[in-house]
Every structure is written in C-alpha cells, then in structure tokens.
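Trainee: Contents of structure.cif (mmCIF, C-alpha atoms):
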data_my_file
loop_
_atom_site.label_atom_id
_atom_site.label_comp_id
_atom_site.auth_asym_id
_atom_site.auth_seq_id
_atom_site.Cartn_x
_atom_site.Cartn_y
_atom_site.Cartn_z
CA MET B 165 22.02 -12.93 11.16
CA THR B 166 23.00 -10.19 13.58
CA SER B 167 21.28 -9.40 16.90
CA THR B 168 19.31 -12.64 16.83
CA THR B 169 18.52 -12.49 20.53
CA ARG B 170 16.99 -9.04 20.14
CA ARG B 171 14.95 -9.62 17.01
CA ARG B 172 11.48 -10.93 16.65
CA VAL B 173 10.05 -11.97 13.32
CA LEU B 174 6.29 -12.29 13.38
CA GLN B 175 3.98 -13.84 10.91
CA TYR B 176 0.30 -13.92 11.76
CA GLY B 177 -1.10 -17.04 10.16
CA LEU B 178 -4.68 -18.13 9.45
CA ALA B 179 -4.57 -20.21 12.59
CA GLY B 180 -3.23 -17.27 14.57
CA SER B 181 0.13 -18.93 15.24
CA LEU B 182 3.33 -16.92 15.55
CA MET B 183 6.40 -18.46 13.95
CA GLY B 184 10.04 -17.52 13.40
CA LEU B 185 10.86 -16.85 9.79
CA ALA B 186 14.35 -16.59 8.30
CA PRO B 187 14.83 -13.83 5.73
CA LYS B 188 15.98 -16.28 3.03
CA SER B 189 12.56 -17.97 3.16
CA LEU B 190 10.90 -14.83 1.92
CA GLY B 191 11.90 -15.53 -1.67
CA ALA B 192 13.79 -13.82 -4.41
CA THR B 193 11.76 -10.61 -4.24
CA MET B 194 12.77 -9.90 -0.62
CA SER B 195 14.84 -6.93 -1.81
CA SER B 196 11.60 -4.98 -2.12
CA GLY B 197 10.14 -6.27 1.14
CA VAL B 198 7.31 -7.89 -0.81
CA THR B 199 6.69 -11.44 -2.01
CA ASP B 200 3.66 -13.06 -3.55
CA SER B 201 2.44 -13.92 -0.06
CA GLU B 202 3.87 -11.27 2.28
CA ILE B 203 4.56 -7.60 2.91
CA VAL B 204 7.37 -7.09 5.42
CA LEU B 205 7.47 -4.14 7.81
CA GLY B 206 10.17 -3.30 10.37
CA MET B 207 9.77 -1.95 13.90
CA SER B 208 12.33 -0.82 16.47
CA ALA B 209 10.87 0.16 19.83
CA ALA B 210 11.30 0.00 23.59
CA PHE B 211 10.64 -3.52 24.85
CA SER B 212 13.04 -3.22 27.78
CA GLY B 213 13.94 -0.56 30.32
CA PRO B 214 11.79 1.92 32.25
CA SER B 215 9.79 2.88 29.13
CA ARG B 216 9.14 -0.66 27.91
CA GLY B 217 5.39 -0.31 28.43
CA LEU B 218 5.23 2.13 25.52
CA GLY B 219 6.73 -0.20 22.94
CA ILE B 220 4.87 -3.21 24.27
CA GLU B 221 1.44 -1.55 24.25
CA LEU B 222 1.94 0.06 20.84
CA PHE B 223 3.01 -3.31 19.46
CA ARG B 224 0.04 -5.10 21.02
CA GLY B 225 -2.50 -2.71 19.53
CA ALA B 226 -0.96 -2.91 16.07
CA SER B 227 -0.70 -6.69 16.33
CA ALA B 228 -4.42 -7.06 17.01
CA TYR B 229 -5.32 -5.31 13.77
CA PHE B 230 -2.64 -6.99 11.65
CA GLU B 231 -3.78 -10.36 13.00
CA HIS B 232 -7.36 -9.53 12.02
CA VAL B 233 -6.34 -8.55 8.48
CA ASN B 234 -4.16 -11.63 7.98
CA ARG B 235 -6.86 -13.99 9.19
CA ASN B 236 -9.17 -12.47 6.61
CA GLY B 237 -6.93 -12.89 3.58
CA GLY B 238 -4.30 -10.23 4.19
CA VAL B 239 -3.77 -7.20 1.96
CA ARG B 240 -4.75 -8.35 -1.52
CA GLY B 241 -3.69 -11.86 -0.59
CA ARG B 242 -0.45 -10.89 1.17
CA LYS B 243 -0.01 -11.30 4.91
CA ILE B 244 1.72 -8.59 6.90
CA VAL B 245 4.98 -9.71 8.50
CA LEU B 246 6.34 -7.50 11.28
CA LYS B 247 10.03 -7.78 12.11
CA THR B 248 10.51 -6.34 15.56
CA TYR B 249 13.65 -5.29 17.43
CA ASP B 250 14.21 -3.87 20.90
CA ASP B 251 16.07 -0.58 21.30
CA GLY B 252 15.25 0.10 24.97
CA TYR B 253 14.28 3.69 24.01
CA GLN B 254 17.94 4.42 23.33
CA PRO B 255 19.30 6.01 20.12
CA ASP B 256 22.31 3.78 19.42
CA PRO B 257 20.40 0.49 19.40
CA ALA B 258 17.67 2.13 17.31
CA VAL B 259 20.27 3.11 14.70
CA LYS B 260 21.75 -0.40 14.67
CA ASN B 261 18.31 -1.99 14.39
CA THR B 262 17.31 0.31 11.56
CA LEU B 263 20.44 -0.45 9.57
CA THR B 264 19.68 -4.15 9.97
CA LEU B 265 16.06 -3.70 8.92
CA MET B 266 16.97 -1.59 5.88
CA LEU B 267 20.14 -3.25 4.64
CA GLU B 268 19.91 -6.87 5.79
CA GLU B 269 16.21 -7.54 6.25
CA GLU B 270 15.34 -5.12 3.40
CA VAL B 271 11.87 -4.41 4.76
CA PHE B 272 9.25 -2.67 2.66
CA ALA B 273 8.75 0.16 5.20
CA LEU B 274 9.44 1.08 8.82
CA PHE B 275 6.52 1.24 11.20
CA GLY B 276 5.70 2.13 14.81
CA TYR B 277 9.01 3.45 16.16
CA VAL B 278 8.82 4.81 19.72
CA GLY B 279 10.27 8.09 20.91
CA THR B 280 11.91 11.30 19.80
CA PRO B 281 15.53 10.47 20.82
CA THR B 282 15.44 7.32 18.70
CA VAL B 283 13.52 8.72 15.73
CA THR B 284 15.70 11.82 15.46
CA ARG B 285 18.76 9.60 15.07
CA VAL B 286 17.07 7.37 12.51
CA LEU B 287 15.82 10.15 10.21
CA PRO B 288 19.29 11.10 8.88
CA MET B 289 19.79 7.46 7.91
CA LEU B 290 16.60 7.50 5.85
CA LYS B 291 17.91 10.58 4.08
CA LYS B 292 21.32 9.00 3.55
CA PHE B 293 19.75 5.90 1.98
CA GLN B 294 16.95 7.77 0.26
CA GLU B 295 17.51 5.93 -3.03
CA ARG B 296 15.98 2.90 -1.28
CA GLN B 297 12.76 4.89 -0.76
CA ILE B 298 12.19 3.56 2.75
CA TYR B 299 9.73 5.63 4.78
CA LEU B 300 8.96 5.66 8.48
CA PHE B 301 5.23 5.35 9.15
CA PHE B 302 3.45 6.59 12.22
CA PRO B 303 6.17 6.90 14.88
CA PHE B 304 4.96 7.23 18.47
CA THR B 305 6.24 10.78 18.91
CA GLY B 306 4.82 14.23 18.36
CA ALA B 307 8.16 15.97 17.85
CA GLN B 308 8.96 18.30 14.96
CA PRO B 309 12.00 16.73 13.21
CA GLN B 310 9.86 14.22 11.29
CA ARG B 311 7.34 16.96 10.49
CA GLU B 312 9.60 19.57 8.89
CA PRO B 313 12.74 19.95 6.72
CA PRO B 314 15.22 18.47 6.25
CA TYR B 315 13.76 15.11 7.32
CA GLY B 316 10.01 15.56 7.13
CA GLY B 317 9.89 14.05 3.66
CA PHE B 318 10.99 10.65 4.98
CA ALA B 319 8.20 10.08 7.49
CA PHE B 320 4.43 10.07 7.76
CA ASN B 321 2.68 10.88 11.02
CA LEU B 322 -0.83 9.99 12.11
CA ARG B 323 -0.97 11.56 15.59
CA ALA B 324 -1.18 15.22 16.52
CA SER B 325 2.11 16.94 17.38
CA TYR B 326 3.57 17.97 20.74
CA ARG B 327 3.15 21.57 19.62
CA GLN B 328 -0.57 20.95 19.30
CA GLU B 329 -0.73 19.14 22.64
CA THR B 330 1.24 21.78 24.55
CA ALA B 331 -0.64 24.62 22.84
CA GLY B 332 -3.92 23.10 23.96
CA LEU B 333 -2.72 22.60 27.52
CA VAL B 334 -1.40 26.17 27.73
CA GLN B 335 -4.58 27.65 26.28
CA ASN B 336 -6.81 25.77 28.70
CA PHE B 337 -4.69 26.72 31.69
CA VAL B 338 -4.54 30.39 30.69
CA ASP B 339 -8.30 30.42 30.06
CA ILE B 340 -8.89 29.56 33.72
CA GLY B 341 -6.35 32.11 34.97
CA ARG B 342 -3.36 29.80 35.43
CA ASN B 343 -0.80 31.88 33.52
CA ARG B 344 2.40 30.96 35.35
CA ILE B 345 3.28 27.64 33.75
CA ALA B 346 6.43 25.69 34.61
CA VAL B 347 7.91 22.76 32.70
CA PHE B 348 9.40 19.47 33.88
CA TYR B 349 11.08 17.72 30.97
CA GLN B 350 13.37 14.95 29.81
CA ALA B 351 16.83 16.30 29.01
CA ASP B 352 16.97 15.27 25.35
CA ALA B 353 15.35 16.00 21.98
CA TYR B 354 11.93 14.87 23.20
CA GLY B 355 11.94 17.07 26.26
CA ARG B 356 13.27 20.06 24.37
CA SER B 357 10.60 19.63 21.71
CA GLY B 358 7.87 19.82 24.33
CA TRP B 359 9.61 22.66 26.15
CA ALA B 360 9.77 24.62 22.89
CA GLY B 361 6.07 23.94 22.33
CA VAL B 362 5.16 25.38 25.73
CA ARG B 363 7.35 28.43 25.19
CA GLN B 364 5.82 29.08 21.77
CA ALA B 365 2.29 28.63 23.09
CA LEU B 366 2.86 31.14 25.90
CA LYS B 367 4.13 33.94 23.65
CA PRO B 368 0.73 35.15 22.36
CA TYR B 369 -0.34 35.63 25.98
CA GLY B 370 2.73 37.68 26.81
CA GLU B 371 3.98 34.99 29.18
CA ARG B 372 7.22 33.07 29.59
CA ILE B 373 7.94 29.69 31.13
CA ALA B 374 7.76 30.36 34.86
CA GLY B 375 10.32 27.72 35.81
CA GLU B 376 11.94 24.61 34.46
CA ALA B 377 13.58 21.43 35.70
CA THR B 378 14.94 18.41 33.86
CA TYR B 379 15.64 14.74 34.44
CA ARG B 380 17.78 12.17 32.67
CA ARG B 381 16.20 9.78 30.16
CA GLY B 382 15.87 6.31 31.66
CA SER B 383 15.11 7.51 35.20
CA LYS B 384 13.03 5.05 37.19
CA PHE B 385 10.01 5.48 39.44
CA THR B 386 12.21 4.54 42.38
CA GLY B 387 14.32 7.60 41.68
CA VAL B 388 13.97 10.83 43.65
CA MET B 389 12.64 14.02 42.03
CA ARG B 390 12.62 16.21 45.14
CA ASP B 391 15.26 18.60 43.79
CA GLN B 392 13.23 19.18 40.61
CA VAL B 393 10.10 19.78 42.68
CA GLU B 394 11.86 22.33 44.88
CA ILE B 395 13.20 24.17 41.83
CA LEU B 396 9.71 24.46 40.37
CA LYS B 397 8.10 25.35 43.70
CA ALA B 398 10.46 28.32 43.92
CA SER B 399 9.05 29.64 40.62
CA ARG B 400 5.52 29.79 42.14
CA PRO B 401 3.78 28.13 39.18
CA ASP B 402 0.03 27.98 38.59
CA ALA B 403 0.50 24.71 36.70
CA VAL B 404 3.26 22.35 35.53
CA ILE B 405 3.46 20.68 32.12
CA CYS B 406 5.57 17.52 32.05
CA ILE B 407 7.33 16.26 28.94
CA GLY B 408 8.57 12.82 29.84
CA ALA B 409 7.99 9.08 30.11
CA TYR B 410 5.80 7.42 32.69
CA ALA B 411 8.38 6.25 35.24
CA ALA B 412 10.03 9.64 35.75
CA CYS B 413 6.77 11.59 35.48
CA ALA B 414 5.12 9.35 38.07
CA ALA B 415 8.09 9.91 40.39
CA PHE B 416 7.82 13.66 39.87
CA LEU B 417 4.07 13.61 40.52
CA ARG B 418 4.58 11.60 43.72
CA ASP B 419 7.25 13.92 45.07
CA ALA B 420 5.36 17.07 43.98
CA VAL B 421 2.28 16.05 45.94
CA ASP B 422 4.32 14.91 48.93
CA LEU B 423 6.18 18.24 49.00
CA GLY B 424 3.02 20.32 48.73
CA LEU B 425 3.17 21.55 45.13
CA GLN B 426 -0.62 21.79 44.88
CA VAL B 427 -1.12 22.88 41.29
CA PRO B 428 -2.41 21.03 38.21
CA ILE B 429 0.25 18.74 36.76
CA ALA B 430 -0.16 17.87 33.08
CA ASN B 431 1.49 15.29 30.84
CA VAL B 432 1.51 14.93 27.06
CA SER B 433 0.34 11.70 25.41
CA PHE B 434 3.75 10.05 25.13
CA VAL B 435 3.89 9.62 28.90
CA GLY B 436 1.87 6.39 28.84
CA SER B 437 -1.10 7.30 31.01
CA GLU B 438 -2.05 3.84 32.28
CA ASN B 439 1.51 2.96 33.22
CA LEU B 440 1.84 6.27 35.08
CA LEU B 441 -1.45 5.73 36.91
CA ASN B 442 -0.46 2.20 37.84
CA LEU B 443 2.83 3.35 39.34
CA ILE B 444 1.40 6.27 41.27
CA THR B 445 -1.55 4.42 42.80
CA GLN B 446 -0.43 0.79 43.11
CA GLY B 447 -0.52 -0.38 46.71
CA ARG B 448 -1.78 2.97 48.01
CA ASP B 449 -4.98 3.63 49.90
CA ASP B 450 -4.60 7.37 49.26
CA GLY B 451 -4.06 7.20 45.50
CA GLU B 452 -6.67 9.86 44.81
CA ARG B 453 -4.63 12.62 46.39
CA TYR B 454 -1.93 12.00 43.78
CA THR B 455 -4.34 12.20 40.85
CA ASP B 456 -6.78 14.95 41.90
CA LEU B 457 -4.83 17.61 39.99
CA LEU B 458 -3.50 15.38 37.21
CA VAL B 459 -4.48 16.08 33.59
CA ASN B 460 -3.09 14.24 30.54
CA SER B 461 -3.49 15.20 26.91
CA GLN B 462 -4.12 12.38 24.43
CA VAL B 463 -4.06 12.03 20.65
CA VAL B 464 -6.73 9.32 20.42
CA PRO B 465 -10.24 9.27 21.91
CA SER B 466 -11.26 7.41 25.05
CA TYR B 467 -10.90 3.65 24.70
CA HIS B 468 -13.94 3.28 26.97
CA ASP B 469 -16.28 4.93 24.46
CA THR B 470 -17.64 2.09 22.35
CA SER B 471 -20.04 4.47 20.59
CA ILE B 472 -16.96 5.29 18.50
CA PRO B 473 -16.78 2.59 15.76
CA ALA B 474 -12.99 2.16 15.77
CA VAL B 475 -12.94 1.92 19.58
CA LYS B 476 -15.61 -0.76 19.50
CA GLN B 477 -13.60 -2.70 16.92
CA TYR B 478 -10.41 -2.20 18.95
CA GLN B 479 -11.99 -3.63 22.07
CA GLU B 480 -13.41 -6.59 20.16
CA LEU B 481 -10.13 -7.48 18.43
CA MET B 482 -8.01 -6.99 21.55
CA ALA B 483 -10.30 -9.44 23.34
CA LEU B 484 -10.45 -11.86 20.42
CA TYR B 485 -6.72 -12.12 19.72
CA ALA B 486 -5.27 -11.17 23.15
CA PRO B 487 -2.00 -9.99 21.54
CA SER B 488 1.04 -10.72 23.65
CA ALA B 489 4.31 -8.93 24.00
CA PRO B 490 7.26 -10.39 22.03
CA GLN B 491 8.51 -12.70 24.76
CA GLU B 492 12.05 -13.15 23.47
CA LEU B 493 12.60 -9.40 23.64
CA LEU B 494 11.43 -9.02 27.24
CA LYS B 495 14.10 -8.77 29.91
CA GLU B 496 11.80 -7.72 32.76
CA ASN B 497 8.33 -8.60 33.93
CA TYR B 498 5.48 -6.66 32.42
CA THR B 499 1.72 -7.01 32.84
CA PRO B 500 -0.15 -5.65 29.81
CA PHE B 501 -3.33 -3.62 30.04
CA SER B 502 -6.60 -4.83 28.58
CA HIS B 503 -6.90 -1.40 26.95
CA SER B 504 -4.78 1.73 26.87
CA PHE B 505 -4.35 4.93 24.92
CA VAL B 506 -1.03 3.62 23.58
CA SER B 507 -2.40 0.29 22.31
CA LEU B 508 -5.39 2.10 20.78
CA GLU B 509 -2.95 4.36 18.95
CA GLY B 510 -1.03 1.32 17.72
CA PHE B 511 -4.31 -0.20 16.53
CA LEU B 512 -5.23 2.94 14.57
CA ASP B 513 -1.69 3.14 13.14
CA ALA B 514 -2.03 -0.41 11.84
CA LYS B 515 -5.48 0.25 10.43
CA MET B 516 -4.18 3.27 8.53
CA MET B 517 -1.12 1.33 7.37
CA VAL B 518 -3.30 -1.42 5.92
CA GLU B 519 -5.38 1.12 4.01
CA ILE B 520 -2.21 2.58 2.49
CA LEU B 521 -0.86 -0.83 1.52
CA ASP B 522 -4.17 -1.72 -0.09
CA ARG B 523 -4.05 1.45 -2.20
CA LEU B 524 -0.76 0.28 -3.69
CA GLY B 525 -2.68 -2.28 -5.72
CA GLU B 526 -1.65 -5.76 -6.79
CA ARG B 527 2.07 -4.98 -7.16
CA PRO B 528 3.20 -2.92 -4.14
CA GLU B 529 6.32 -0.83 -4.75
CA ARG B 530 8.12 1.52 -2.40
CA GLY B 531 8.25 4.17 -5.09
CA ALA B 532 4.46 4.36 -5.11
CA LEU B 533 4.07 4.87 -1.35
CA GLU B 534 3.91 8.66 -1.37
CA GLU B 535 1.25 8.69 -4.06
CA ALA B 536 -0.77 6.12 -2.12
CA VAL B 537 -0.56 8.18 1.08
CA PHE B 538 -1.41 11.43 -0.67
CA SER B 539 -4.52 9.81 -2.15
CA ILE B 540 -5.98 9.66 1.36
CA THR B 541 -8.27 12.65 1.85
CA GLU B 542 -11.17 12.85 4.29
CA TYR B 543 -10.76 9.15 5.06
CA ASP B 544 -13.03 7.75 7.77
CA LEU B 545 -10.82 5.90 10.25
CA GLY B 546 -13.78 5.39 12.55
CA ILE B 547 -12.93 7.88 15.32
CA GLY B 548 -15.00 10.88 14.26
CA GLU B 549 -12.09 12.78 12.71
CA ALA B 550 -11.33 12.35 9.03
CA VAL B 551 -7.75 11.57 7.98
CA SER B 552 -6.13 13.61 5.21
CA PHE B 553 -2.62 13.58 3.79
CA GLY B 554 -0.95 15.58 1.04
CA PRO B 555 2.45 16.84 -0.15
CA GLU B 556 2.29 19.65 2.41
CA ARG B 557 0.40 17.61 5.01
CA ARG B 558 2.29 14.56 6.22
CA GLN B 559 0.30 14.33 9.46
CA GLY B 560 -3.11 12.72 9.15
CA LEU B 561 -4.87 13.69 12.40
CA GLN B 562 -4.93 16.99 14.27
CA LYS B 563 -7.21 16.56 17.27
CA VAL B 564 -6.08 16.60 20.92
CA TYR B 565 -8.13 15.18 23.80
CA TYR B 566 -7.84 15.87 27.53
CA THR B 567 -8.31 13.37 30.34
CA VAL B 568 -8.38 13.27 34.14
CA VAL B 569 -8.59 10.42 36.64
CA ASP B 570 -11.98 9.56 38.07
CA GLU B 571 -12.63 6.41 40.10
CA GLY B 572 -9.27 4.97 39.16
CA ARG B 573 -9.40 5.45 35.40
CA PHE B 574 -8.81 8.17 32.82
CA VAL B 575 -11.98 9.87 31.59
CA PRO B 576 -12.55 12.87 29.28
CA LEU B 577 -12.18 16.33 30.82
CA HIS B 578 -14.95 18.71 29.86
CA ASN B 579 -14.86 21.54 32.40
CA TRP B 580 -11.38 22.84 33.26
CA GLN B 581 -12.63 25.61 35.54
CA LYS B 582 -14.65 23.25 37.70
CA ARG B 583 -11.88 20.64 37.85
CA PHE B 584 -9.11 23.03 38.82
CA GLU B 585 -10.92 25.83 40.67
#
Could you render the structure as structure tokens?

Mentor:
Amino acid sequence: MTSTTRRRVLQYGLAGSLMGLAPKSLGATMSSGVTDSEIVLGMSAAFSGPSRGLGIELFRGASAYFEHVNRNGGVRGRKIVLKTYDDGYQPDPAVKNTLTLMLEEEVFALFGYVGTPTVTRVLPMLKKFQERQIYLFFPFTGAQPQREPPYGGFAFNLRASYRQETAGLVQNFVDIGRNRIAVFYQADAYGRSGWAGVRQALKPYGERIAGEATYRRGSKFTGVMRDQVEILKASRPDAVICIGAYAACAAFLRDAVDLGLQVPIANVSFVGSENLLNLITQGRDDGERYTDLLVNSQVVPSYHDTSIPAVKQYQELMALYAPSAPQELLKENYTPFSHSFVSLEGFLDAKMMVEILDRLGERPERGALEEAVFSITEYDLGIGEAVSFGPERRQGLQKVYYTVVDEGRFVPLHNWQKRFE
C-alpha cells in the first residue's frame, strides 16, 4: 500500500469507533467501491501546511453527518467509509492521492477536495479515466474549471461560485459609491479565477480593477505583505477584494491596517473566516481595529442561527460526535473550532451526498450517479434555499451571504452603507 503514513481510512461504526481498514477486507466487489456493507468515498485535502484548517474543518463537518447516518443504519444498510489523504493544498500530492484512490483503492466517488490549484490538476485525470465513471462531488472551491467545459461534466458542485461571490461584493461596493476596487490574490488558478470574477463584475459599471497585487501560495501569517499593501495604496482604492487563504489574507489585513489603508477589505468564502479572525486578533487588545472594515462573503448561512433547521442539526451533531481531525495526517498543532462556516459547508456536503447515494437504490452503481443527481430538484436541504441539479445545472446552490465581525464573531451584514460610510 503506497503512502501509508499519509492515508487515513475511516469507518464510522455503530459504537462510534474509528478503525483502520485494509482495502482487501472490503470484499470482492471493491472494484466498484461498494460492498454489501459499505460505500467507499475518497478525499484528498489540506491537513498540513498554512491552509490545513480548511481541510480539517471541512472533514470534521462531513464526519459529523456521516457518523450520524452510519449510527442509524447507514445508506440502505451500507455504512459510508471515507478514505482520506493529505495533499497540503499542493497539486502534485493531490494528483498522486487521486491516482491511488481511483486505481488502487477503487473508491466509488471522490468527495470534499479542497482548493482550486489541486482540483484543476485532478479534473484532467477524471477525464482521462472517464470509463471508470468516477465523479468529484462538492469540492471546496468556487472556481470555474469544474463548472464548465471541458471538465465540468466530471464534477458536481453544491456551493455558489467565485463569480457569484465576487459579483455580489462588487455590486454592494458600487452601490455605496466605492467604485475603485483593487484585488489582492493568490498567484495561481484560484487567485486568477477570483481576479477574473472581479474584472467581469466591474465591466457593466464601466470600471476596471483599480490595482492588483499577488502573493505566493503557502505564504504564512508570519510573512510580510507590506509591499503588496503599498502597491495597492498607490492605486487609491475604495475597497480591496482578497482572493486567498486565511494565513496570507490575515497577514495582508494586518499590514494594510498598520500602513493606513483604511478601506473595506473583503474576502471570499474559501479564506476560512474563523481561522483568519483567530490569527488577526489572537493576543491583541486592539483586535477591533483590524476587523472594523472587514467583510467576508460566505456560501452557507450563519452557523449561529439555529432557527435554520440544518444549522440546528449541525450544532447538535457536532456537539454529539465531537469529530476530530485525522490525527495520523497532522504534522502541526491545530485547535478545531466548535463551529465554522467551513465545517458547516462540509456538513451540508455530506448531507447532500447521502441523499444522492440513497437515490441510487439497493444496488449502487457509478453509472447511475448522474441520473441520481439530476433527479434532485427543489430539494429541501434545510437552509431555506432549495437544491436543484440538472444536465445543464451541476451546481446545486446559488446564494451568497455577507458577514462582518461584531463582538469577536462573524455576523450577517444587512446594511452596507451604514457599515462602511
């Protein structure tokens, strides 16, 4: 078995125990990723490096729901087994992990990948091995490659796209007279996807990106972003939209405030809001001055709002099962959050995945997955927005939410003019 130190095989039992499971024990039907007692999914995500909080929190949220399902009889009697690998948010390990999951582990489907730079490298592999009919479900990225030709047919998305997030941010800023919008972005496919979304959103208003600055993927909070701040300050922006991960974006926010760039600074959902807030305020008595002008878009509702049925269930199951990070994949310390936007998204991803698996009936087959997904129309996921899929609609949700920091936590933003006047 290759990469044994980087792999985690999880089986959620009736007693809630987690046990290692060798592929050969899955029985003769493992080639389909399904046995009489299990359905096997594969996940490659960041469990190490500066973006590890994203993979860990997404995993924890999904684990809580899968645990709940398995304790209650599984999907038509089959428990969900999640084989998990660490890619550190880097493309090459993600490719290696995916080849292992597809060709050696022979999982039924891929689930919960994290990030544009990894997913964009994996998609061509799904196309190359398309006779195996392995699909990627609900990656934690809003980029376009898995939403359009030539690779859109190999993935299903639940979350809104970066184009939708950036369009909403641009519209709200322009509506309050903040037309000169600059962009701070990660220098890779993820950053360029967000940058393109901002540029496209500005066109109808007759505006162009006022200024732009980049950073290298994997940058840490301890890094310095003063040069990027000075570049953007010179463009005299009314607002800055950041397309990055939490460590670098927190460093940029810190240096922007310290250098007097007093304009709203926005982040898209991928940033990992709680991790960013933790970095920017931890150990500071003046944390509020760093978050007064911060606004983050989200693709799931507030995890504080228990009037929303799925949020109430999420809170209950996170408390009941207290899902942990895959310890053998962790190389650095990490303290999980009780709740977060990322783990809520993972929870909703898992809930939607279970519904799809159930619609496959008593004999799940990969070849029936598309039909099962397309049968989902106006499905109530419990968040107040119905989920619909179809041959021309491989993204289930469309809504974008906006949040600001109040009393040390992210809360919904309702009045942009008042907040940023």

Trainee: Here is a test: counting all atoms listed in the file, which residue of B:Ala412, B:Ile520, B:Val569, B:Ile373 is nearest to Val551 (chain B)?

Mentor: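 Comparing B:Ala412, B:Ile520, B:Val569, B:Ile373 against Val551 (chain B), the winner is B:Ile520.
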
Trainee: Applying the PyMOL selection byres ((chain B and resi 511) around 6) to the file I just gave you, which residues come out? Please list them as a list in words.

Mentor: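 That selection, the PyMOL selection byres ((chain B and resi 511) around 6), comes back as Gly225, Ala226, Tyr229, Leu508, Glu509, Gly510, Leu512, Asp513 and Ala514 of chain B.
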
Trainee: Applied to the shown file, which residues does the PyMOL selection byres ((chain B and resi 302) around 8) return, written as a list in words?

Mentor: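 When the PyMOL selection byres ((chain B and resi 302) around 8) is applied, the selected residues are Phe275, Gly276, Tyr277, Leu300, Phe301, Pro303, Phe304, Ala319, Phe320, Asn321, Leu322, Arg323 and Asp513 of chain B.
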
Trainee: Pick out the closest residue to Tyr354 (chain B) from this set: B:Arg327, B:His468, B:Arg557, B:Arg242. Count all atoms listed in the file.

Mentor: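 With all atoms listed in the file as the atom set, the closest residue is B:Arg327.
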
Trainee: Determine the residue membership of the PyMOL selection byres ((chain B and resi 429) around 7) for the file above and supply it as number ranges by chain.

Mentor: B: 403-405, 427-428, 430-431, 457-459

Trainee: Is it possible to get the axis-aligned box enclosing region 319-336 of chain B (all listed atoms, 6 Å extra per side) as AutoDock Vina command-line options, with centre and edge lengths in Å rounded to one decimal?

Mentor:
--center_x 0.7 --center_y 18.8 --center_z 18.1 --size_x 27.0 --size_y 29.7 --size_z 33.2

Trainee: Using Å and a single decimal, report how far CA of Tyr349 (chain B) sits from CA of Ser212 (chain B).

Mentor: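 Here the two named atoms are 21.3 Å from each other.
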
Trainee: Could you give me, as a list in words, the residues within 8 Å of Phe272 (chain B), counting only C-alpha atoms and dropping anything in the same chain fewer than 5 positions from it?

Mentor: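 After dropping sequence-adjacent residues, the list is Ser196, Gly197, Val198, Ile203, Val204, Leu205, Gly206, Ile298 and Arg530 of chain B.
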
Trainee: Every residue with an atom at most 10 Å from (1.0, 31.3, 25.0) (file coordinates; all atoms listed in the file) is what I'm after, so could you write them as a ChimeraX atom specification?

Mentor: /B:330-335,337-338,343,345,361-373

Trainee: When distances are computed from all atoms listed in the file, which of B:Val463, B:Gly213, B:Leu484, B:Met517 shows the smallest separation from Ala411 (chain B)?

Mentor: B:Gly213

Trainee: Using only C-alpha atoms and a cutoff of 12 Å, can you tell me which residues are near (11.5, 17.2, 8.0) in the file's coordinates, and write them out as a PDB file with C-alpha atoms, in the coordinates of the input?

Mentor:
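And here's selection_21.pdb as it stands now:
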ATOM      1  CA  VAL B 283      13.520   8.720  15.730  1.00  0.00           C
ATOM      2  CA  THR B 284      15.700  11.820  15.460  1.00  0.00           C
ATOM      3  CA  LEU B 287      15.820  10.150  10.210  1.00  0.00           C
ATOM      4  CA  PRO B 288      19.290  11.100   8.880  1.00  0.00           C
ATOM      5  CA  LEU B 290      16.600   7.500   5.850  1.00  0.00           C
ATOM      6  CA  LYS B 291      17.910  10.580   4.080  1.00  0.00           C
ATOM      7  CA  LEU B 300       8.960   5.660   8.480  1.00  0.00           C
ATOM      8  CA  ALA B 307       8.160  15.970  17.850  1.00  0.00           C
ATOM      9  CA  GLN B 308       8.960  18.300  14.960  1.00  0.00           C
ATOM     10  CA  PRO B 309      12.000  16.730  13.210  1.00  0.00           C
ATOM     11  CA  GLN B 310       9.860  14.220  11.290  1.00  0.00           C
ATOM     12  CA  ARG B 311       7.340  16.960  10.490  1.00  0.00           C
ATOM     13  CA  GLU B 312       9.600  19.570   8.890  1.00  0.00           C
ATOM     14  CA  PRO B 313      12.740  19.950   6.720  1.00  0.00           C
ATOM     15  CA  PRO B 314      15.220  18.470   6.250  1.00  0.00           C
ATOM     16  CA  TYR B 315      13.760  15.110   7.320  1.00  0.00           C
ATOM     17  CA  GLY B 316      10.010  15.560   7.130  1.00  0.00           C
ATOM     18  CA  GLY B 317       9.890  14.050   3.660  1.00  0.00           C
ATOM     19  CA  PHE B 318      10.990  10.650   4.980  1.00  0.00           C
ATOM     20  CA  ALA B 319       8.200  10.080   7.490  1.00  0.00           C
ATOM     21  CA  PHE B 320       4.430  10.070   7.760  1.00  0.00           C
ATOM     22  CA  ASN B 321       2.680  10.880  11.020  1.00  0.00           C
ATOM     23  CA  GLU B 556       2.290  19.650   2.410  1.00  0.00           C
ATOM     24  CA  ARG B 557       0.400  17.610   5.010  1.00  0.00           C
ATOM     25  CA  ARG B 558       2.290  14.560   6.220  1.00  0.00           C
ATOM     26  CA  GLN B 559       0.300  14.330   9.460  1.00  0.00           C
TER      27      GLN B 559
END

Trainee: Using all atoms listed in the file, can you tell me which of B:Ile244, B:Asp200, B:Arg356, B:His232 comes closest to Glu480 (chain B)?

Mentor: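 Nearest candidate to Glu480 (chain B) out of B:Ile244, B:Asp200, B:Arg356, B:His232: B:His232.
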
Trainee: For a quick check of understanding, using only C-alpha atoms, which of B:Ser227, B:Ser357, B:Thr470, B:Thr567 has the smallest distance to Pro487 (chain B)?

Mentor: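 Among B:Ser227, B:Ser357, B:Thr470, B:Thr567, it is B:Ser227 that comes nearest to Pro487 (chain B).
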